[in-house]
>>> print(open('query-v2.txt').read())   # compact mmCIF, C-alpha atoms
# COMPACT_ATOMS: atom_id res chain seq x y z
CA ILE F 20 -10.96 -18.02 -88.87
CA ARG F 21 -7.84 -19.92 -89.86
CA PHE F 22 -7.85 -20.35 -93.63
CA ARG F 23 -7.75 -24.06 -94.38
CA ARG F 24 -9.15 -26.81 -96.54
CA GLU F 25 -10.80 -29.89 -95.05
CA LYS F 26 -11.84 -32.35 -97.75
CA ASP F 27 -14.45 -30.51 -99.89
CA PHE F 28 -14.66 -27.44 -97.63
CA LEU F 29 -12.73 -24.20 -97.53
CA PHE F 30 -12.83 -22.42 -94.16
CA ALA F 31 -12.36 -18.65 -94.36
CA ARG F 32 -14.02 -15.42 -93.28
CA GLY F 33 -16.41 -14.36 -96.03
CA SER F 34 -16.35 -17.73 -97.78
CA VAL F 35 -20.15 -17.92 -97.42
CA ASP F 36 -21.08 -14.26 -97.08
CA ALA F 37 -20.31 -13.33 -99.71
CA LYS F 38 -17.03 -13.99 -101.53
CA SER F 39 -18.13 -17.30 -103.07
CA PRO F 40 -21.49 -15.97 -104.35
CA LEU F 41 -19.71 -12.91 -105.78
CA LEU F 42 -17.08 -14.99 -107.56
CA ALA F 43 -19.74 -17.38 -108.85
CA LEU F 44 -21.54 -14.46 -110.52
CA ILE F 45 -18.32 -13.12 -112.03
CA PHE F 46 -17.13 -16.44 -113.41
CA ALA F 47 -20.60 -17.30 -114.72
CA ALA F 48 -20.57 -13.99 -116.61
CA LEU F 49 -17.12 -14.82 -118.03
CA LYS F 50 -17.86 -18.44 -118.82
CA LYS F 51 -19.04 -17.84 -122.38
CA GLU F 52 -20.43 -15.28 -124.79
CA TYR F 53 -24.09 -14.57 -124.15
CA GLU F 54 -26.03 -13.52 -127.21
CA ASP F 55 -27.96 -10.23 -127.00
CA LEU F 56 -27.16 -9.84 -123.31
CA LYS F 57 -25.40 -6.94 -121.63
CA ILE F 58 -24.02 -7.90 -118.22
CA LYS F 59 -23.09 -5.34 -115.60
CA ILE F 60 -21.24 -6.33 -112.42
CA ALA F 61 -21.06 -4.19 -109.28
CA CYS F 62 -18.92 -5.11 -106.27
CA VAL F 63 -20.07 -2.99 -103.35
CA VAL F 64 -19.36 -2.71 -99.63
CA GLY F 65 -21.30 -1.50 -96.63
CA GLU F 66 -24.32 -3.79 -96.83
CA GLU F 67 -26.61 -3.27 -93.81
CA SER F 68 -24.68 -0.14 -92.87
CA GLU F 69 -25.64 3.50 -92.42
CA ASP F 70 -24.01 4.33 -95.75
CA PRO F 71 -24.36 1.34 -98.14
CA GLY F 72 -22.08 1.27 -101.15
CA ILE F 73 -24.91 0.43 -103.55
CA SER F 74 -26.47 3.85 -102.89
CA LYS F 75 -23.31 5.51 -104.26
CA ILE F 76 -23.46 3.83 -107.67
CA ASP F 77 -24.67 5.84 -110.63
CA LYS F 78 -28.41 5.28 -110.98
CA ASN F 79 -28.18 4.82 -114.75
CA PHE F 80 -25.72 1.98 -114.21
CA LEU F 81 -28.07 0.21 -111.80
CA LYS F 82 -31.11 0.42 -114.09
CA SER F 83 -31.50 -3.07 -115.59
CA ASP F 84 -34.16 -5.48 -116.80
CA PHE F 85 -33.11 -8.00 -114.16
CA ALA F 86 -30.70 -8.12 -111.22
CA ILE F 87 -28.99 -11.03 -109.45
CA PHE F 88 -27.43 -10.43 -106.02
CA GLY F 89 -24.69 -12.69 -104.74
CA GLU F 90 -25.93 -14.14 -101.45
CA PRO F 91 -25.74 -17.66 -100.00
CA SER F 92 -28.93 -19.57 -100.75
CA ASN F 93 -27.68 -23.13 -100.21
CA LEU F 94 -27.48 -23.81 -103.96
CA THR F 95 -31.05 -25.13 -104.26
CA GLY F 96 -32.78 -21.96 -103.09
CA VAL F 97 -33.67 -18.73 -104.87
CA VAL F 98 -34.13 -15.76 -102.54
CA ILE F 99 -37.11 -13.60 -103.48
CA GLY F 100 -37.57 -11.69 -100.23
CA TYR F 101 -35.92 -10.16 -97.19
CA ARG F 102 -37.16 -8.67 -93.98
CA GLY F 103 -36.66 -4.97 -93.36
CA ARG F 104 -34.23 -3.48 -90.87
CA LEU F 105 -34.21 -0.57 -88.46
CA ALA F 106 -30.98 0.37 -86.69
CA LEU F 107 -31.11 2.81 -83.80
CA ARG F 108 -29.02 4.30 -81.01
CA VAL F 109 -30.50 5.19 -77.63
CA LEU F 110 -28.65 7.61 -75.36
CA CYS F 111 -29.37 8.42 -71.74
CA LYS F 112 -27.69 11.29 -69.87
CA ALA F 113 -27.58 12.17 -66.18
CA GLN F 114 -25.43 13.79 -63.49
CA ARG F 115 -22.37 11.76 -62.57
CA ALA F 116 -22.51 10.57 -58.95
CA HIS F 117 -20.83 8.35 -56.39
CA ALA F 118 -22.09 4.77 -56.52
CA SER F 119 -22.95 4.82 -52.81
CA ILE F 120 -25.92 7.09 -53.62
CA GLN F 121 -29.26 5.70 -54.77
CA THR F 122 -30.02 8.07 -57.64
CA TYR F 123 -30.96 8.18 -61.29
CA ASN F 124 -28.75 5.74 -63.19
CA PRO F 125 -28.41 5.91 -67.02
CA ILE F 126 -27.34 2.28 -67.22
CA LYS F 127 -30.48 1.11 -65.43
CA GLU F 128 -32.59 3.37 -67.64
CA VAL F 129 -31.12 1.95 -70.84
CA VAL F 130 -31.48 -1.62 -69.59
CA ASN F 131 -35.16 -0.96 -68.78
CA PHE F 132 -35.67 0.46 -72.26
CA LEU F 133 -34.08 -2.63 -73.83
CA LYS F 134 -36.49 -4.83 -71.88
CA LYS F 135 -39.44 -2.77 -73.09
CA ILE F 136 -38.38 -2.74 -76.73
CA ASP F 137 -37.91 -6.50 -76.61
CA GLY F 138 -41.58 -6.73 -75.64
CA LEU F 139 -42.58 -5.43 -79.07
CA ARG F 140 -42.07 -8.99 -80.31
CA ASP F 141 -44.99 -10.27 -78.24
CA ASN F 142 -47.76 -9.21 -80.64
CA LYS F 143 -45.68 -9.53 -83.83
CA GLU F 144 -44.62 -13.14 -83.64
CA GLY F 145 -45.45 -15.09 -86.80
CA ASP F 146 -45.27 -18.74 -87.75
CA SER F 147 -41.56 -18.43 -88.59
CA ILE F 148 -38.68 -16.02 -88.02
CA VAL F 149 -39.15 -14.35 -91.42
CA ASN F 150 -42.74 -13.52 -90.47
CA SER F 151 -41.78 -12.20 -87.04
CA LEU F 152 -40.24 -9.09 -85.54
CA THR F 153 -36.84 -9.59 -83.91
CA VAL F 154 -35.13 -7.13 -81.60
CA ASN F 155 -31.48 -7.44 -80.61
CA PRO F 156 -29.21 -5.08 -78.69
CA VAL F 157 -25.85 -5.35 -80.44
CA MET F 158 -23.73 -2.93 -78.41
CA ILE F 159 -23.95 -1.15 -75.06
CA LYS F 160 -21.53 1.38 -73.58
CA GLY F 161 -21.51 3.10 -70.20
CA GLY F 162 -19.44 3.57 -67.09
CA ILE F 163 -16.06 5.03 -66.16
CA ALA F 164 -15.15 3.33 -62.87
CA ASN F 165 -16.42 0.65 -60.51
CA ASN F 166 -17.60 3.18 -57.91
CA VAL F 167 -19.13 5.88 -60.14
CA ILE F 168 -22.64 6.22 -61.51
CA PRO F 169 -21.92 7.39 -65.07
CA ASP F 170 -23.32 10.45 -66.76
CA LEU F 171 -23.95 8.63 -70.04
CA CYS F 172 -25.05 5.24 -71.33
CA GLU F 173 -25.86 4.29 -74.89
CA ALA F 174 -26.97 1.19 -76.75
CA LEU F 175 -27.26 0.16 -80.38
CA VAL F 176 -30.30 -1.93 -81.33
CA ASP F 177 -31.00 -3.97 -84.46
CA VAL F 178 -34.68 -4.48 -85.31
CA ARG F 179 -35.74 -6.83 -88.12
CA ILE F 180 -39.14 -6.16 -89.59
CA PRO F 181 -41.31 -8.71 -91.43
CA ILE F 182 -42.88 -8.14 -94.82
CA ASN F 183 -46.20 -6.26 -94.62
CA THR F 184 -45.15 -4.37 -91.47
CA SER F 185 -44.18 -0.74 -91.97
CA ILE F 186 -41.03 0.76 -90.51
CA GLN F 187 -42.98 3.85 -89.43
CA GLU F 188 -45.33 1.70 -87.36
CA ILE F 189 -42.37 0.21 -85.48
CA LYS F 190 -40.71 3.62 -85.03
CA ASP F 191 -43.91 5.02 -83.53
CA GLU F 192 -44.12 2.14 -81.06
CA ILE F 193 -40.48 2.60 -80.05
CA LYS F 194 -40.99 6.34 -79.49
CA ASN F 195 -43.72 5.52 -76.96
CA LEU F 196 -41.21 3.53 -74.90
CA VAL F 197 -38.62 6.31 -74.58
CA SER F 198 -38.37 8.20 -71.28
CA PRO F 199 -37.94 12.01 -71.26
CA SER F 200 -34.24 11.69 -70.39
CA MET F 201 -33.52 9.58 -73.46
CA ILE F 202 -32.55 10.48 -76.98
CA ILE F 203 -33.24 8.21 -79.96
CA GLU F 204 -31.13 8.37 -83.11
CA TRP F 205 -32.39 6.51 -86.16
CA LEU F 206 -29.21 5.24 -87.81
CA SER F 207 -30.62 3.47 -90.86
CA GLU F 208 -33.83 1.95 -92.14
CA THR F 209 -34.42 -0.57 -94.89
CA ASP F 210 -37.86 -1.58 -96.15
CA ALA F 211 -38.70 -5.26 -96.42
CA VAL F 212 -38.88 -6.63 -99.96
CA LEU F 213 -40.80 -9.31 -101.79
CA ALA F 214 -39.67 -9.61 -105.40
CA ASN F 215 -41.75 -10.68 -108.38
CA LYS F 216 -41.84 -14.46 -108.07
CA GLU F 217 -43.48 -14.72 -111.50
CA SER F 218 -40.59 -13.00 -113.29
CA LEU F 219 -38.61 -14.65 -116.07
CA LEU F 220 -35.55 -14.50 -113.81
CA VAL F 221 -37.19 -16.65 -111.15
CA PHE F 222 -38.54 -19.00 -113.83
CA PHE F 223 -35.11 -19.62 -115.34
CA PHE F 224 -33.43 -20.05 -111.96
CA LYS F 225 -35.98 -22.70 -111.02
CA LYS F 226 -35.48 -24.40 -114.39
CA SER F 227 -31.67 -24.30 -114.11
CA ILE F 228 -31.60 -25.66 -110.55
CA ALA F 229 -33.92 -28.51 -111.48
CA LYS F 230 -31.84 -29.33 -114.55
CA ASN F 231 -28.40 -29.14 -112.93
CA LEU F 232 -29.17 -30.58 -109.50
CA LYS F 233 -32.13 -32.86 -110.23
CA VAL F 234 -34.02 -31.43 -107.25
CA SER F 235 -37.02 -29.17 -106.77
CA PRO F 236 -35.90 -25.55 -106.32
CA ARG F 237 -37.06 -23.58 -103.29
CA LEU F 238 -38.20 -19.96 -103.17
CA LEU F 239 -36.87 -18.34 -100.02
CA ILE F 240 -37.47 -15.31 -97.85
CA LYS F 241 -34.44 -14.59 -95.68
CA ALA F 242 -34.44 -13.26 -92.14
CA GLY F 243 -31.79 -10.61 -92.80
CA SER F 244 -31.63 -7.86 -95.37
CA SER F 245 -29.35 -7.17 -98.31
CA ASP F 246 -28.61 -4.75 -101.13
CA MET F 247 -31.56 -6.33 -102.93
CA ASN F 248 -33.86 -4.39 -100.55
CA TYR F 249 -32.43 -1.13 -101.86
CA TYR F 250 -32.58 -2.21 -105.50
CA ALA F 251 -36.16 -3.47 -105.32
CA LYS F 252 -37.39 -0.27 -103.68
CA ASN F 253 -35.63 2.08 -106.10
CA PHE F 254 -35.55 0.19 -109.41
CA SER F 255 -37.36 -3.10 -110.03
CA LEU F 256 -38.89 -6.15 -108.40
CA ASN F 257 -37.39 -8.34 -111.14
CA CYS F 258 -34.51 -9.42 -108.93
CA VAL F 259 -33.31 -12.38 -106.88
CA SER F 260 -30.43 -13.33 -104.64
CA TYR F 261 -28.55 -16.54 -105.30
CA GLY F 262 -25.31 -18.26 -104.52
CA PRO F 263 -23.51 -21.20 -102.92
CA GLY F 264 -23.12 -21.52 -99.17
CA ASP F 265 -25.21 -22.45 -96.16
CA PRO F 266 -26.61 -19.24 -94.58
CA ARG F 267 -26.31 -20.82 -91.14
CA TYR F 268 -22.55 -20.25 -91.34
CA GLU F 269 -22.74 -16.54 -92.17
CA HIS F 270 -20.70 -14.44 -89.70
CA SER F 271 -19.90 -17.56 -87.67
CA ASN F 272 -16.56 -18.96 -86.50
CA GLU F 273 -17.18 -22.04 -88.65
CA GLU F 274 -17.76 -20.24 -91.94
CA LYS F 275 -17.05 -22.68 -94.76
CA ILE F 276 -17.93 -23.28 -98.39
CA SER F 277 -18.25 -26.51 -100.36
CA ILE F 278 -15.97 -26.35 -103.38
CA LYS F 279 -18.30 -28.64 -105.32
CA ASP F 280 -21.28 -26.41 -104.55
CA TYR F 281 -19.33 -23.31 -105.56
CA LEU F 282 -18.39 -24.78 -108.94
CA LYS F 283 -21.92 -26.08 -109.51
CA SER F 284 -23.39 -22.64 -108.76
CA ILE F 285 -21.38 -21.20 -111.66
CA ASP F 286 -23.04 -23.70 -114.00
CA ILE F 287 -26.49 -22.85 -112.63
CA ILE F 288 -26.04 -19.09 -113.02
CA SER F 289 -24.52 -19.52 -116.49
CA SER F 290 -27.50 -21.61 -117.55
CA VAL F 291 -29.85 -18.84 -116.32
CA LEU F 292 -27.96 -16.23 -118.34
>>> encode(input="query-v2.txt", output="structure tokens")
Amino acid sequence: IRFRREKDFLFARGSVDAKSPLLALIFAALKKEYEDLKIKIACVVGEESEDPGISKIDKNFLKSDFAIFGEPSNLTGVVIGYRGRLALRVLCKAQRAHASIQTYNPIKEVVNFLKKIDGLRDNKEGDSIVNSLTVNPVMIKGGIANNVIPDLCEALVDVRIPINTSIQEIKDEIKNLVSPSMIIEWLSETDAVLANKESLLVFFFKKSIAKNLKVSPRLLIKAGSSDMNYYAKNFSLNCVSYGPGDPRYEHSNEEKISIKDYLKSIDIISSVL
């Protein structure tokens, strides 16, 4: 993305996810002295990866009464939940052969598997995306020449799992779809999370949004996952995600942030603190 400003908007990679939310938290913490409040800030990398940065932080540092994660929530929303995530690699091996022969083909086998795994969505479709299972192949590799049946094909698959559905249940269903010639590698798994919506943190965010924006705040469950999933599972459900930015622009080629919204989010977070 070409860095530029157009009226109230800054266009830049990461402007929505999640540089602006991160900076809003930092500047809200620095805005004034907060009585009887110890603030800890962690800037971590590797969200939704096989080796997330938050898992490397000292556990005593992470233990807190409340936690706020910097994520775009469109200013008026407070995120209290995320779907879970399962990342996997499927590999299929065979004997390399000339393409003129009709024989076992790893590419065909992987494609058939991807069709089957996509069918898992059929009986797990809810009334919205956050209540549904989604399955997306995100990478596929195979082939060495245009006249050779390859000896290897592999695919990476991203599965998003709704709240109240266990990861183990989905893993068991996927195992039943794998042919004997296939190998499954579970790359990472993240449980879905639903935070405590009755916590003081949620209460003060709702109060601050109503006061600063003169609108009714919204409690959100997002379709993705975040470091909040890890924190909620290992430490406390007294957590939320919040920040400026429209989530529709995350990872897109039109990623942009409203400067006014960014500045207003600092006031909202400061008021919560």
>>> closest_atom_pairs(input="query-v2.txt", of="region 69-129 of chain F", to="region 160-170 of chain F", cutoff="12 Å", atoms="only C-alpha atoms", output="CSV")
residue,atom,partner,partner_atom,distance
F:Arg108,CA,F:Lys160,CA,10.9
F:Val109,CA,F:Lys160,CA,10.6
F:Leu110,CA,F:Lys160,CA,9.6
F:Cys111,CA,F:Asp170,CA,8.1
F:Lys112,CA,F:Asp170,CA,5.4
F:Ala113,CA,F:Asp170,CA,4.6
F:Gln114,CA,F:Asp170,CA,5.1
F:Arg115,CA,F:Asp170,CA,4.5
F:Ala116,CA,F:Ile168,CA,5.0
F:His117,CA,F:Val167,CA,4.8
F:Ala118,CA,F:Val167,CA,4.8
F:Ser119,CA,F:Asn166,CA,7.6
F:Ile120,CA,F:Ile168,CA,8.6
F:Gln121,CA,F:Ile168,CA,9.5
F:Thr122,CA,F:Ile168,CA,8.5
F:Tyr123,CA,F:Ile168,CA,8.6
F:Asn124,CA,F:Ile168,CA,6.4
F:Pro125,CA,F:Asp170,CA,6.8
F:Ile126,CA,F:Gly161,CA,6.6
F:Lys127,CA,F:Ile168,CA,10.1
F:Glu128,CA,F:Gly161,CA,11.4
F:Val129,CA,F:Gly161,CA,9.7
>>> closest_residue(input="query-v2.txt", among="F:Ser245, F:Gln187, F:Ser227, F:Ser218", to="Cys258 (chain F)", atoms="all atoms listed in the file")
F:Ser218
>>> residues_around(input="query-v2.txt", residues="Leu238 (chain F)", least_positions_apart="4", cutoff="12 Å", atoms="all atoms listed in the file", output="list in words")
Ser92, Asn93, Leu94, Thr95, Gly96, Val97, Val98, Ile99, Gly100, Tyr101, Leu213, Ala214, Asn215, Lys216, Glu217, Val221, Phe222, Phe224, Lys225, Ile228, Val259, Ser260 and Tyr261 of chain F
>>> closest_atom_pairs(input="query-v2.txt", of="region 182-259 of chain F", to="region 130-137 of chain F", cutoff="12 Å", atoms="only C-alpha atoms", output="tab-separated table")
residue	atom	partner	partner_atom	distance
F:Ile189	CA	F:Ile136	CA	10.1
F:Lys190	CA	F:Ile136	CA	10.7
F:Asp191	CA	F:Ile136	CA	11.7
F:Glu192	CA	F:Ile136	CA	8.7
F:Ile193	CA	F:Ile136	CA	6.6
F:Lys194	CA	F:Ile136	CA	9.8
F:Asn195	CA	F:Ile136	CA	9.8
F:Leu196	CA	F:Lys135	CA	6.8
F:Val197	CA	F:Phe132	CA	7.0
F:Ser198	CA	F:Phe132	CA	8.3
F:Pro199	CA	F:Phe132	CA	11.8
F:Ser200	CA	F:Phe132	CA	11.5
F:Met201	CA	F:Phe132	CA	9.4
F:Ile202	CA	F:Phe132	CA	11.5
F:Ile203	CA	F:Phe132	CA	11.2
>>> atom_distance(input="query-v2.txt", atom1="CA of Val212 (chain F)", atom2="CA of Gly262 (chain F)")
18.4 Å
>>> decode(input="query-v2.txt", residues="region 66-79 of chain F", atoms="C-alpha atoms", output="short mmCIF file (atom, residue, chain, number, x, y, z; two decimals), in the first residue's frame")
data_model
loop_
_atom_site.label_atom_id
_atom_site.label_comp_id
_atom_site.auth_asym_id
_atom_site.auth_seq_id
_atom_site.Cartn_x
_atom_site.Cartn_y
_atom_site.Cartn_z
CA GLU F 66 -0.43 -13.33 16.33
CA GLU F 67 -2.23 -16.29 14.72
CA SER F 68 1.10 -17.99 14.10
CA GLU F 69 2.58 -21.32 15.18
CA ASP F 70 4.77 -19.51 17.72
CA PRO F 71 2.91 -16.42 19.04
CA GLY F 72 4.98 -13.78 20.78
CA ILE F 73 2.56 -13.49 23.70
CA SER F 74 3.42 -17.06 24.75
CA LYS F 75 7.06 -15.99 25.25
CA ILE F 76 6.30 -13.26 27.78
CA ASP F 77 6.98 -13.93 31.43
CA LYS F 78 3.79 -15.28 32.99
CA ASN F 79 4.13 -13.05 36.06
#
